[in-house]
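run-v1.pdb, holding PDB, C-alpha atoms and all ligand atoms:
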```pdb
ATOM      1  CA  MET A 265     -17.160  25.954 -12.735
ATOM      2  CA  ALA A 266     -14.666  26.359  -9.815
ATOM      3  CA  VAL A 267     -10.992  25.971 -10.747
ATOM      4  CA  TYR A 268      -8.996  23.979  -8.165
ATOM      5  CA  ASP A 269      -5.267  24.518  -7.706
ATOM      6  CA  LEU A 270      -4.614  20.782  -7.601
ATOM      7  CA  ALA A 271      -6.593  17.653  -8.507
ATOM      8  CA  VAL A 272      -5.305  14.352  -7.068
ATOM      9  CA  VAL A 273      -6.580  10.960  -8.210
ATOM     10  CA  GLY A 274      -6.230   8.033  -5.760
ATOM     11  CA  VAL A 275      -6.340   7.829  -1.968
ATOM     12  CA  GLY A 276      -3.347   5.582  -1.357
ATOM     13  CA  PRO A 277      -0.500   6.975   0.768
ATOM     14  CA  GLY A 278       0.878   8.722  -2.363
ATOM     15  CA  GLY A 279      -2.319  10.648  -3.141
ATOM     16  CA  MET A 280      -3.088  11.490   0.457
ATOM     17  CA  ALA A 281       0.420  12.649   1.383
ATOM     18  CA  THR A 282       0.366  14.887  -1.716
ATOM     19  CA  SER A 283      -3.089  16.291  -0.880
ATOM     20  CA  ILE A 284      -2.260  16.960   2.772
ATOM     21  CA  ALA A 285       1.064  18.652   1.929
ATOM     22  CA  ALA A 286      -0.535  20.807  -0.801
ATOM     23  CA  ALA A 287      -3.483  21.817   1.417
ATOM     24  CA  ARG A 288      -1.054  22.811   4.169
ATOM     25  CA  GLN A 289       0.631  25.142   1.660
ATOM     26  CA  GLY A 290      -2.734  26.822   1.118
ATOM     27  CA  LEU A 291      -3.674  25.138  -2.179
ATOM     28  CA  ASN A 292      -7.285  24.419  -3.004
ATOM     29  CA  VAL A 293      -7.236  20.617  -3.475
ATOM     30  CA  ILE A 294      -9.790  18.118  -4.766
ATOM     31  CA  LEU A 295      -9.106  14.388  -4.210
ATOM     32  CA  PHE A 296     -10.862  11.604  -6.128
ATOM     33  CA  GLU A 297     -11.251   7.925  -5.181
ATOM     34  CA  LYS A 298     -13.324   5.427  -7.109
ATOM     35  CA  ARG A 299     -13.885   3.276  -4.036
ATOM     36  CA  GLU A 300     -15.509   4.166  -0.677
ATOM     37  CA  LYS A 301     -13.974   5.924   2.305
ATOM     38  CA  GLY A 302     -12.123   3.440   4.522
ATOM     39  CA  ARG A 303     -11.472   1.147   1.551
ATOM     40  CA  ASP A 304      -8.953  -1.612   2.163
ATOM     41  CA  LYS A 305      -5.949  -2.498   0.052
ATOM     42  CA  TYR A 306      -4.054  -5.718   0.491
ATOM     43  CA  CYS A 307      -0.640  -4.753   1.888
ATOM     44  CA  GLY A 308       1.904  -6.020   4.409
ATOM     45  CA  GLY A 309       1.456  -2.668   6.138
ATOM     46  CA  GLY A 310       4.997  -2.689   7.520
ATOM     47  CA  SER A 311       6.383   0.773   8.113
ATOM     48  CA  THR A 312       8.733   2.630  10.403
ATOM     49  CA  LEU A 313       7.706   4.926  13.204
ATOM     50  CA  LYS A 314       9.763   7.673  11.546
ATOM     51  CA  THR A 315       7.914   7.328   8.241
ATOM     52  CA  LEU A 316       4.567   7.344   9.983
ATOM     53  CA  GLY A 317       5.637  10.402  11.987
ATOM     54  CA  VAL A 318       4.279   8.992  15.243
ATOM     55  CA  ASP A 319       5.463   7.170  18.378
ATOM     56  CA  GLU A 320       2.431   4.925  18.329
ATOM     57  CA  LEU A 321      -0.969   4.620  16.677
ATOM     58  CA  ASP A 322      -3.744   2.923  18.622
ATOM     59  CA  PHE A 323      -4.352   0.499  15.732
ATOM     60  CA  GLY A 324      -0.641  -0.107  15.057
ATOM     61  CA  PHE A 325       1.489  -3.019  16.245
ATOM     62  CA  VAL A 326       5.016  -2.083  17.291
ATOM     63  CA  THR A 327       7.794  -4.379  16.056
ATOM     64  CA  GLU A 328      11.448  -4.387  17.045
ATOM     65  CA  GLY A 329      13.288  -6.154  14.277
ATOM     66  CA  TYR A 330      13.254  -8.465  11.273
ATOM     67  CA  GLY A 331      13.654 -12.197  11.115
ATOM     68  CA  PHE A 332      15.125 -13.408   7.796
ATOM     69  CA  VAL A 333      14.873 -17.092   7.129
ATOM     70  CA  ILE A 334      17.041 -18.221   4.249
ATOM     71  CA  HIS A 335      16.397 -21.712   3.002
ATOM     72  CA  GLY A 336      19.056 -23.878   1.478
ATOM     73  CA  GLU A 337      20.919 -26.736   2.896
ATOM     74  CA  HIS A 338      20.722 -24.921   6.211
ATOM     75  CA  ILE A 339      18.170 -22.588   7.703
ATOM     76  CA  LEU A 340      19.552 -19.332   8.960
ATOM     77  CA  VAL A 341      17.496 -17.173  11.274
ATOM     78  CA  THR A 342      18.788 -13.678  11.828
ATOM     79  CA  ALA A 343      16.958 -11.159  13.913
ATOM     80  CA  ILE A 344      18.113  -7.604  13.357
ATOM     81  CA  LYS A 345      17.444  -5.938  16.640
ATOM     82  CA  GLY A 346      16.690  -2.296  17.322
ATOM     83  CA  HIS A 347      14.767  -1.542  14.133
ATOM     84  CA  MET A 348      11.601  -0.028  15.564
ATOM     85  CA  GLY A 349       8.733  -0.394  13.162
ATOM     86  CA  MET A 350       5.008  -0.687  13.109
ATOM     87  CA  THR A 351       2.571  -2.814  11.180
ATOM     88  CA  VAL A 352      -0.802  -1.331  10.324
ATOM     89  CA  ARG A 353      -3.910  -2.449   8.526
ATOM     90  CA  ARG A 354      -4.305  -0.306   5.431
ATOM     91  CA  CYS A 355      -8.042   0.194   6.023
ATOM     92  CA  ASP A 356      -7.145   1.849   9.369
ATOM     93  CA  LEU A 357      -4.137   3.861   8.182
ATOM     94  CA  ASP A 358      -5.794   5.098   4.990
ATOM     95  CA  LYS A 359      -8.955   6.109   6.881
ATOM     96  CA  VAL A 360      -6.919   8.227   9.302
ATOM     97  CA  LEU A 361      -5.032   9.832   6.393
ATOM     98  CA  MET A 362      -8.329  10.564   4.618
ATOM     99  CA  GLU A 363      -9.729  12.222   7.728
ATOM    100  CA  ARG A 364      -6.536  14.229   8.104
ATOM    101  CA  ALA A 365      -6.789  15.343   4.451
ATOM    102  CA  GLU A 366     -10.385  16.451   4.957
ATOM    103  CA  SER A 367      -9.509  18.298   8.159
ATOM    104  CA  GLU A 368      -6.840  20.194   6.175
ATOM    105  CA  GLY A 369      -9.605  21.381   3.829
ATOM    106  CA  VAL A 370      -9.151  18.879   0.970
ATOM    107  CA  GLU A 371     -12.430  18.285  -0.898
ATOM    108  CA  PHE A 372     -12.807  14.517  -1.014
ATOM    109  CA  LYS A 373     -14.893  12.781  -3.671
ATOM    110  CA  GLU A 374     -15.348   9.116  -2.787
ATOM    111  CA  LYS A 375     -16.931   6.542  -5.118
ATOM    112  CA  THR A 376     -15.955   8.824  -7.998
ATOM    113  CA  GLU A 377     -13.869   7.341 -10.778
ATOM    114  CA  VAL A 378     -11.964   9.724 -13.018
ATOM    115  CA  VAL A 379     -12.474   8.446 -16.555
ATOM    116  CA  GLY A 380     -11.134  11.249 -18.720
ATOM    117  CA  ILE A 381      -8.499  13.975 -18.621
ATOM    118  CA  LYS A 382      -8.035  16.821 -21.117
ATOM    119  CA  GLU A 383      -5.868  19.897 -21.160
ATOM    120  CA  LYS A 384      -7.507  23.089 -22.425
ATOM    121  CA  ASN A 385      -6.240  26.692 -22.223
ATOM    122  CA  ASN A 386      -3.599  25.770 -19.626
ATOM    123  CA  GLU A 387      -6.219  24.113 -17.431
ATOM    124  CA  ILE A 388      -6.871  20.462 -16.797
ATOM    125  CA  VAL A 389     -10.413  19.221 -17.212
ATOM    126  CA  LEU A 390     -11.266  15.930 -15.494
ATOM    127  CA  MET A 391     -14.409  13.945 -16.150
ATOM    128  CA  ASP A 392     -15.851  11.445 -13.664
ATOM    129  CA  ASP A 393     -17.923   8.311 -14.268
ATOM    130  CA  ARG A 394     -21.172  10.304 -13.843
ATOM    131  CA  GLY A 395     -20.173  12.795 -16.533
ATOM    132  CA  GLU A 396     -19.364  15.606 -14.022
ATOM    133  CA  LYS A 397     -16.476  17.874 -15.021
ATOM    134  CA  TYR A 398     -13.851  19.534 -12.793
ATOM    135  CA  LYS A 399     -11.170  22.093 -13.639
ATOM    136  CA  SER A 400      -7.758  22.271 -12.055
ATOM    137  CA  ARG A 401      -4.425  24.033 -12.633
ATOM    138  CA  TYR A 402      -2.341  20.966 -11.731
ATOM    139  CA  LEU A 403      -2.938  17.228 -11.600
ATOM    140  CA  VAL A 404      -1.297  14.354  -9.684
ATOM    141  CA  LEU A 405      -2.202  10.826 -10.728
ATOM    142  CA  ALA A 406      -1.609   8.562  -7.719
ATOM    143  CA  THR A 407      -3.518   5.595  -9.078
ATOM    144  CA  GLY A 408      -1.061   2.932  -7.923
ATOM    145  CA  MET A 409      -0.751   0.037 -10.336
ATOM    146  CA  GLU A 410      -3.785   1.167 -12.338
ATOM    147  CA  GLU A 411      -2.311   2.601 -15.491
ATOM    148  CA  ARG A 412      -5.327   3.493 -17.611
ATOM    149  CA  LEU A 413      -5.255   7.262 -16.990
ATOM    150  CA  ILE A 414      -1.468   7.378 -17.120
ATOM    151  CA  LEU A 415      -1.460   5.631 -20.510
ATOM    152  CA  SER A 416      -4.211   7.964 -21.761
ATOM    153  CA  LEU A 417      -1.792  10.875 -21.210
ATOM    154  CA  GLY A 418       0.798   9.206 -23.447
ATOM    155  CA  PHE A 419       3.120   7.780 -20.770
ATOM    156  CA  PRO A 420       4.631   4.360 -21.593
ATOM    157  CA  PRO A 421       3.283   1.205 -19.890
ATOM    158  CA  LEU A 422       5.232  -0.330 -17.006
ATOM    159  CA  PRO A 423       7.648  -2.983 -18.298
ATOM    160  CA  ARG A 424       5.863  -6.261 -17.573
ATOM    161  CA  GLU A 425       9.038  -8.187 -16.766
ATOM    162  CA  THR A 426       9.716  -5.930 -13.764
ATOM    163  CA  LEU A 427       6.289  -6.454 -12.194
ATOM    164  CA  GLY A 428       5.494  -8.774  -9.323
ATOM    165  CA  GLN A 429       2.502 -10.870  -8.425
ATOM    166  CA  CYS A 430       1.380 -11.748  -4.915
ATOM    167  CA  TRP A 431      -0.891 -14.040  -2.988
ATOM    168  CA  GLY A 432      -1.822 -13.076   0.543
ATOM    169  CA  THR A 433      -4.341 -12.975   3.327
ATOM    170  CA  GLU A 434      -4.997 -10.942   6.481
ATOM    171  CA  LYS A 435      -7.228 -12.529   9.112
ATOM    172  CA  PRO A 436      -8.158 -12.015  12.785
ATOM    173  CA  TYR A 437      -5.565 -13.897  14.850
ATOM    174  CA  ASP A 438      -4.313 -14.043  18.437
ATOM    175  CA  VAL A 439      -0.895 -12.626  17.594
ATOM    176  CA  ASN A 440      -0.019 -11.993  21.254
ATOM    177  CA  GLU A 441       0.218 -15.713  21.966
ATOM    178  CA  GLN A 442       2.448 -16.267  18.911
ATOM    179  CA  VAL A 443       4.572 -13.189  19.604
ATOM    180  CA  ALA A 444       5.150 -14.327  23.194
ATOM    181  CA  LYS A 445       6.728 -17.517  21.763
ATOM    182  CA  TRP A 446       8.937 -15.517  19.393
ATOM    183  CA  ARG A 447       9.976 -13.167  22.184
ATOM    184  CA  LYS A 448      10.951 -16.139  24.307
ATOM    185  CA  GLU A 449      13.050 -17.611  21.506
ATOM    186  CA  TYR A 450      14.567 -14.498  19.848
ATOM    187  CA  GLY A 451      14.074 -11.740  22.457
ATOM    188  CA  ILE A 452      12.203  -9.385  20.103
ATOM    189  CA  THR A 453       8.864  -8.895  18.381
ATOM    190  CA  PRO A 454       9.825  -9.423  14.737
ATOM    191  CA  ILE A 455       8.280  -9.378  11.314
ATOM    192  CA  TRP A 456       9.374 -12.378   9.234
ATOM    193  CA  ILE A 457      10.699 -12.660   5.706
ATOM    194  CA  PHE A 458      11.343 -16.116   4.234
ATOM    195  CA  MET A 459      13.678 -16.071   1.266
ATOM    196  CA  GLY A 460      13.716 -18.929  -1.195
ATOM    197  CA  GLY A 461      12.794 -22.450  -0.180
ATOM    198  CA  VAL A 462       9.210 -23.791  -0.224
ATOM    199  CA  GLY A 463       9.290 -23.620  -4.033
ATOM    200  CA  ILE A 464       9.696 -19.824  -4.205
ATOM    201  CA  SER A 465      12.176 -18.411  -6.685
ATOM    202  CA  TYR A 466      12.720 -14.690  -7.301
ATOM    203  CA  GLY A 467      10.444 -13.732  -4.431
ATOM    204  CA  TYR A 468       9.701 -14.205  -0.779
ATOM    205  CA  PHE A 469       7.085 -15.218   1.747
ATOM    206  CA  TRP A 470       6.258 -12.955   4.690
ATOM    207  CA  VAL A 471       4.531 -13.250   8.069
ATOM    208  CA  PHE A 472       3.597  -9.879   9.588
ATOM    209  CA  PRO A 473       1.792  -9.771  12.937
ATOM    210  CA  LYS A 474      -0.638  -6.868  13.255
ATOM    211  CA  LYS A 475      -2.875  -5.771  16.114
ATOM    212  CA  GLY A 476      -5.387  -8.650  16.354
ATOM    213  CA  PHE A 477      -4.567  -9.861  12.823
ATOM    214  CA  MET A 478      -1.944 -11.938  11.046
ATOM    215  CA  ASN A 479      -0.898 -11.023   7.526
ATOM    216  CA  VAL A 480       0.834 -13.675   5.457
ATOM    217  CA  GLY A 481       1.670 -13.582   1.804
ATOM    218  CA  MET A 482       4.030 -14.350  -0.995
ATOM    219  CA  GLY A 483       5.361 -12.162  -3.768
ATOM    220  CA  VAL A 484       7.262 -13.274  -6.846
ATOM    221  CA  LEU A 485       8.250 -11.778 -10.190
ATOM    222  CA  ILE A 486       5.429 -12.152 -12.689
ATOM    223  CA  THR A 487       7.772 -13.915 -15.104
ATOM    224  CA  GLU A 488       8.407 -16.559 -12.420
ATOM    225  CA  ALA A 489       4.731 -16.829 -11.491
ATOM    226  CA  LYS A 490       4.025 -17.777 -15.108
ATOM    227  CA  ARG A 491       6.152 -20.870 -14.656
ATOM    228  CA  GLY A 492       3.393 -22.023 -12.274
ATOM    229  CA  LEU A 493       5.651 -23.237  -9.476
ATOM    230  CA  HIS A 494       4.381 -20.942  -6.825
ATOM    231  CA  GLU A 495       0.952 -22.224  -5.882
ATOM    232  CA  LYS A 496       2.739 -25.154  -4.271
ATOM    233  CA  GLY A 497       5.166 -22.748  -2.559
ATOM    234  CA  TYR A 498       2.336 -20.618  -1.173
ATOM    235  CA  LYS A 499       0.552 -23.675   0.241
ATOM    236  CA  ALA A 500       3.773 -24.888   1.842
ATOM    237  CA  GLY A 501       4.452 -21.408   3.247
ATOM    238  CA  LEU A 502       0.997 -21.229   4.839
ATOM    239  CA  GLU A 503       1.578 -24.587   6.490
TER     240      GLU A 503
HETATM  241  C1  LIG B   1       1.352  -7.780  -1.273
HETATM  242  C2  LIG B   1       1.880  -6.415  -0.991
HETATM  243  C3  LIG B   1       2.531  -6.177   0.211
HETATM  244  C4  LIG B   1       3.032  -4.899   0.502
HETATM  245  N1  LIG B   1       3.616  -4.673   1.706
HETATM  246  C5  LIG B   1       4.078  -3.442   2.009
HETATM  247  C6  LIG B   1       4.634  -3.168   3.290
HETATM  248  O1  LIG B   1       4.719  -4.027   4.155
HETATM  249  N2  LIG B   1       5.072  -1.901   3.524
HETATM  250  C7  LIG B   1       4.974  -0.906   2.573
HETATM  251  O2  LIG B   1       5.385   0.243   2.854
HETATM  252  N3  LIG B   1       4.428  -1.132   1.345
HETATM  253  C8  LIG B   1       3.982  -2.362   1.047
HETATM  254  N4  LIG B   1       3.418  -2.604  -0.176
HETATM  255  C9  LIG B   1       3.387  -1.527  -1.160
HETATM  256  C10 LIG B   1       2.228  -0.542  -0.901
HETATM  257  O3  LIG B   1       1.006  -1.247  -0.771
HETATM  258  C11 LIG B   1       2.157   0.440  -2.085
HETATM  259  O4  LIG B   1       3.444   0.995  -2.310
HETATM  260  C12 LIG B   1       1.208   1.592  -1.835
HETATM  261  O5  LIG B   1      -0.116   1.186  -1.579
HETATM  262  C13 LIG B   1       1.206   2.495  -3.082
HETATM  263  O6  LIG B   1       0.457   3.612  -2.753
HETATM  264  P1  LIG B   1      -0.124   4.524  -3.877
HETATM  265  O7  LIG B   1      -0.654   5.752  -3.185
HETATM  266  O8  LIG B   1       0.858   4.728  -4.963
HETATM  267  O9  LIG B   1      -1.323   3.685  -4.563
HETATM  268  P2  LIG B   1      -2.498   2.751  -3.980
HETATM  269  O10 LIG B   1      -2.397   2.542  -2.510
HETATM  270  O11 LIG B   1      -2.554   1.561  -4.869
HETATM  271  O12 LIG B   1      -3.799   3.634  -4.233
HETATM  272  C14 LIG B   1      -4.245   3.949  -5.531
HETATM  273  C15 LIG B   1      -5.716   4.347  -5.408
HETATM  274  O13 LIG B   1      -6.130   4.935  -6.636
HETATM  275  C16 LIG B   1      -7.489   4.572  -6.856
HETATM  276  N5  LIG B   1      -7.759   4.771  -8.282
HETATM  277  C17 LIG B   1      -7.152   4.132  -9.322
HETATM  278  N6  LIG B   1      -7.642   4.596 -10.499
HETATM  279  C18 LIG B   1      -8.579   5.540 -10.181
HETATM  280  C19 LIG B   1      -9.429   6.382 -10.966
HETATM  281  N7  LIG B   1      -9.411   6.340 -12.314
HETATM  282  N8  LIG B   1     -10.290   7.227 -10.315
HETATM  283  C20 LIG B   1     -10.321   7.271  -8.943
HETATM  284  N9  LIG B   1      -9.530   6.495  -8.167
HETATM  285  C21 LIG B   1      -8.666   5.650  -8.772
HETATM  286  C22 LIG B   1      -7.526   3.108  -6.417
HETATM  287  O14 LIG B   1      -8.851   2.674  -6.136
HETATM  288  C23 LIG B   1      -6.642   3.155  -5.143
HETATM  289  O15 LIG B   1      -7.406   3.379  -3.961
HETATM  290  C24 LIG B   1       2.903  -3.866  -0.474
HETATM  291  C25 LIG B   1       2.249  -4.115  -1.695
HETATM  292  C26 LIG B   1       1.741  -5.370  -1.948
HETATM  293  C27 LIG B   1       1.031  -5.619  -3.251
END
```
Could you spell out this file's structure in structure tokens?
Ligand SMILES: Cc1cc2nc3c(=O)[nH]c(=O)nc-3n(C[C@H](O)[C@H](O)[C@H](O)COP(=O)(O)OP(=O)(O)OC[C@H]3O[C@@H](n4cnc5c(N)ncnc54)[C@H](O)[C@@H]3O)c2cc1C
Amino acid sequence: MAVYDLAVVGVGPGGMATSIAAARQGLNVILFEKREKGRDKYCGGGSTLKTLGVDELDFGFVTEGYGFVIHGEHILVTAIKGHMGMTVRRCDLDKVLMERAESEGVEFKEKTEVVGIKEKNNEIVLMDDRGEKYKSRYLVLATGMEERLILSLGFPPLPRETLGQCWGTEKPYDVNEQVAKWRKEYGITPIWIFMGGVGISYGYFWVFPKKGFMNVGMGVLITEAKRGLHEKGYKAGLE
């Protein structure tokens, strides 16, 4: 059985950035993802051009600032100009990162769930959902919010009271028409964050234009979501 230098589990930005960086240093990397190539993940997809390391991506939507709307007795709209960012759809961004990882020589195993990890003679042995085994010198678990493997290695669970819960949607939308109205009113192409109001406590509602899509959603602390106030807030936010 071949012994890899590094095994990475999860093809989110964490797993792919790790794989690409390691492969560029000459390591022999294997990357596992339980879902298919080009998988989507619900996400606002807001980033900065600096973080993305590009001036533009053909599927990205360039933004120039934030609009914060703070509800209370008054509504305050503040646009912070000059913050160049980009919104992306995660299915597009993650696909490009996956292709980049493969072109750097990373061996990519899609639709392959890692179900077991053991350490033996200073080597890590991973087992997938088909019973195949893989050996590696090092392991990075980049499984996002999925804790099963992390817990199996004896790490503590994430404290529940610090977790959030979100509702959101991303649909085809003529954002250019909407953005033209915002540009007329505020002079920039913003992404929007709505704090408080519409029944939201300890969280916020967002409206992120993307290329040909609109992404709207609401995130709150899980402890607040349990109080059941937020379904009403989400409905009001969508309206
Ligand atoms: C509603 C919402 C809005 C957000 N908006 C933004 C935003 O605007 N800008 C921003 O920068 N961030 C945003 N984020 C955060 C961002 O989505 C996450 O920080 C990011 O996706 C985390 O990346 P990751 O690589 O850690 O994990 P993930 O992207 O979650 O990827 C983990 C991967 O591991 C795979 N996996 C899990 N277990 C296994 C296993 N056993 N075997 C094989 N594969 C496995 C999963 O299928 C998944 O593909 C948002 C998050 C949410 C929920």
With only C-alpha atoms and all ligand atoms counted and 6 Å as the cut-off, give the residues of chain A in contact with ligand LIG 1 (chain B), each with its shortest interatomic distance in Å and the pair that gives it, as JSON lines.
```
{"residue": "A:Val273", "atom": "CA", "partner": "B:LIG1", "partner_atom": "C20", "distance": 5.3}
{"residue": "A:Gly274", "atom": "CA", "partner": "B:LIG1", "partner_atom": "O13", "distance": 3.2}
{"residue": "A:Val275", "atom": "CA", "partner": "B:LIG1", "partner_atom": "C15", "distance": 4.9}
{"residue": "A:Gly276", "atom": "CA", "partner": "B:LIG1", "partner_atom": "O7", "distance": 3.3}
{"residue": "A:Pro277", "atom": "CA", "partner": "B:LIG1", "partner_atom": "O7", "distance": 4.1}
{"residue": "A:Gly278", "atom": "CA", "partner": "B:LIG1", "partner_atom": "O7", "distance": 3.4}
{"residue": "A:Gly279", "atom": "CA", "partner": "B:LIG1", "partner_atom": "O7", "distance": 5.2}
{"residue": "A:Phe296", "atom": "CA", "partner": "B:LIG1", "partner_atom": "C20", "distance": 5.2}
{"residue": "A:Glu297", "atom": "CA", "partner": "B:LIG1", "partner_atom": "N9", "distance": 3.7}
{"residue": "A:Lys298", "atom": "CA", "partner": "B:LIG1", "partner_atom": "C20", "distance": 4.0}
{"residue": "A:Arg299", "atom": "CA", "partner": "B:LIG1", "partner_atom": "O14", "distance": 5.5}
{"residue": "A:Cys307", "atom": "CA", "partner": "B:LIG1", "partner_atom": "C3", "distance": 3.9}
{"residue": "A:Gly308", "atom": "CA", "partner": "B:LIG1", "partner_atom": "O1", "distance": 3.5}
{"residue": "A:Gly309", "atom": "CA", "partner": "B:LIG1", "partner_atom": "O1", "distance": 4.1}
{"residue": "A:Gly310", "atom": "CA", "partner": "B:LIG1", "partner_atom": "O1", "distance": 3.6}
{"residue": "A:Ser311", "atom": "CA", "partner": "B:LIG1", "partner_atom": "O2", "distance": 5.4}
{"residue": "A:Thr376", "atom": "CA", "partner": "B:LIG1", "partner_atom": "C20", "distance": 5.9}
{"residue": "A:Glu377", "atom": "CA", "partner": "B:LIG1", "partner_atom": "N8", "distance": 3.6}
{"residue": "A:Val378", "atom": "CA", "partner": "B:LIG1", "partner_atom": "N8", "distance": 4.0}
{"residue": "A:Val379", "atom": "CA", "partner": "B:LIG1", "partner_atom": "N7", "distance": 5.6}
{"residue": "A:Ala406", "atom": "CA", "partner": "B:LIG1", "partner_atom": "O8", "distance": 5.3}
{"residue": "A:Thr407", "atom": "CA", "partner": "B:LIG1", "partner_atom": "O13", "distance": 3.6}
{"residue": "A:Gly408", "atom": "CA", "partner": "B:LIG1", "partner_atom": "O9", "distance": 3.5}
{"residue": "A:Met409", "atom": "CA", "partner": "B:LIG1", "partner_atom": "O11", "distance": 6.0}
{"residue": "A:Glu410", "atom": "CA", "partner": "B:LIG1", "partner_atom": "C17", "distance": 5.4}
{"residue": "A:Cys430", "atom": "CA", "partner": "B:LIG1", "partner_atom": "C1", "distance": 5.4}
```
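Rounded to one decimal, CA of Leu361 in chain A and CA of Gly349 in chain A lie 18.4 Å from each other.
With CA of Pro473 in chain A on one side and CA of Ala281 in chain A on the other, the separation reads 25.3 Å.
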Requested in this report: Just say which residues the PyMOL selection byres (((chain A and resi 316) around 12) and not hetatm) picks in this file, as a ChimeraX atom specification.
Outcome: /A:277,281,309-315,317-321,324,326,348-352,357-358,360-361
Edge lengths and centre, in Å to one decimal, as AutoDock Vina command-line options: that's what I need for the box along x, y and z that holds all listed atoms of range 302-317 of chain A plus 3 Å on each side.
```
--center_x -1.2 --center_y 2.2 --center_z 6.6 --size_x 27.9 --size_y 22.4 --size_z 19.2
```
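Between CA of Ala266 in chain A and CA of Glu300 in chain A lies a distance of 24.0 Å.
Selecting by distance to (6.0, -8.6, 9.5) with a limit of 6 Å and using all atoms listed in the file, one obtains Ile455, Trp456, Val471, Phe472 and Pro473 of chain A.
When all atoms listed in the file are used to compute distances to Glu366 in chain A, the closest of the residues A:Val272, A:Val439, A:Ile284, A:Val267 turns out to be A:Ile284.
With distances taken over all atoms listed in the file, A:Glu368 is the one residue among A:Glu368, A:Glu449, A:Asp322, A:Glu387 lying closest to Val293 in chain A.
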Report task. Identify all residues satisfying the PyMOL selection byres (((chain A and resi 440) around 10) and not hetatm) in the given file; provide them as a PyMOL selection string. Result -> chain A and resi 437-439+441-446+453+473-477
Serialized selection, C-alpha atoms, as an mmCIF file, in the coordinates of the input:
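Once everything was written out, this is part_12.cif:
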```cif
data_model
loop_
_atom_site.group_PDB
_atom_site.id
_atom_site.type_symbol
_atom_site.label_atom_id
_atom_site.label_comp_id
_atom_site.auth_asym_id
_atom_site.auth_seq_id
_atom_site.Cartn_x
_atom_site.Cartn_y
_atom_site.Cartn_z
ATOM 1 C CA TYR A 437 -5.565 -13.897 14.850
ATOM 2 C CA ASP A 438 -4.313 -14.043 18.437
ATOM 3 C CA VAL A 439 -0.895 -12.626 17.594
ATOM 4 C CA GLU A 441 0.218 -15.713 21.966
ATOM 5 C CA GLN A 442 2.448 -16.267 18.911
ATOM 6 C CA VAL A 443 4.572 -13.189 19.604
ATOM 7 C CA ALA A 444 5.150 -14.327 23.194
ATOM 8 C CA LYS A 445 6.728 -17.517 21.763
ATOM 9 C CA TRP A 446 8.937 -15.517 19.393
ATOM 10 C CA THR A 453 8.864 -8.895 18.381
ATOM 11 C CA PRO A 473 1.792 -9.771 12.937
ATOM 12 C CA LYS A 474 -0.638 -6.868 13.255
ATOM 13 C CA LYS A 475 -2.875 -5.771 16.114
ATOM 14 C CA GLY A 476 -5.387 -8.650 16.354
ATOM 15 C CA PHE A 477 -4.567 -9.861 12.823
#
```
Query raised in the report: Do you know which residues the PyMOL selection byres (((chain A and resi 286) around 12) and not hetatm) returns on this file, as a VMD selection string?
Result: chain A and resid 268 to 272 279 to 285 287 to 295 365 368 to 370 402 to 404
**Report entry** All residues 10 Å or closer to Glu383 in chain A, only C-alpha atoms, same chain fewer than 6 positions away omitted, as a PyMOL selection string
**Finding:** chain A and resi 389-390+399-401+417
Query - Nearest-residue call for Leu427 in chain A, choices A:Glu328, A:Glu363, A:Glu488, A:Glu374, using only C-alpha atoms - result: A:Glu488
Which residues are close to Val480 in chain A, i.e. within 6 Å by all atoms listed in the file, leaving aside same-chain residues fewer than 4 positions away? Reply as a short mmCIF file (atom, residue, chain, number, x, y, z; two decimals) with C-alpha atoms, keeping the file's coordinate frame.
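Heads up, here's the output in part_31.cif:
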```cif
data_model
loop_
_atom_site.label_atom_id
_atom_site.label_comp_id
_atom_site.auth_asym_id
_atom_site.auth_seq_id
_atom_site.Cartn_x
_atom_site.Cartn_y
_atom_site.Cartn_z
CA GLY A 432 -1.82 -13.08 0.54
CA THR A 433 -4.34 -12.98 3.33
CA TRP A 470 6.26 -12.96 4.69
CA VAL A 471 4.53 -13.25 8.07
#
```
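Comparing A:Gly467, A:Trp431, A:Lys301, A:Glu425 by their smallest distance to Lys359 in chain A, the closest is A:Lys301 (using all atoms listed in the file).
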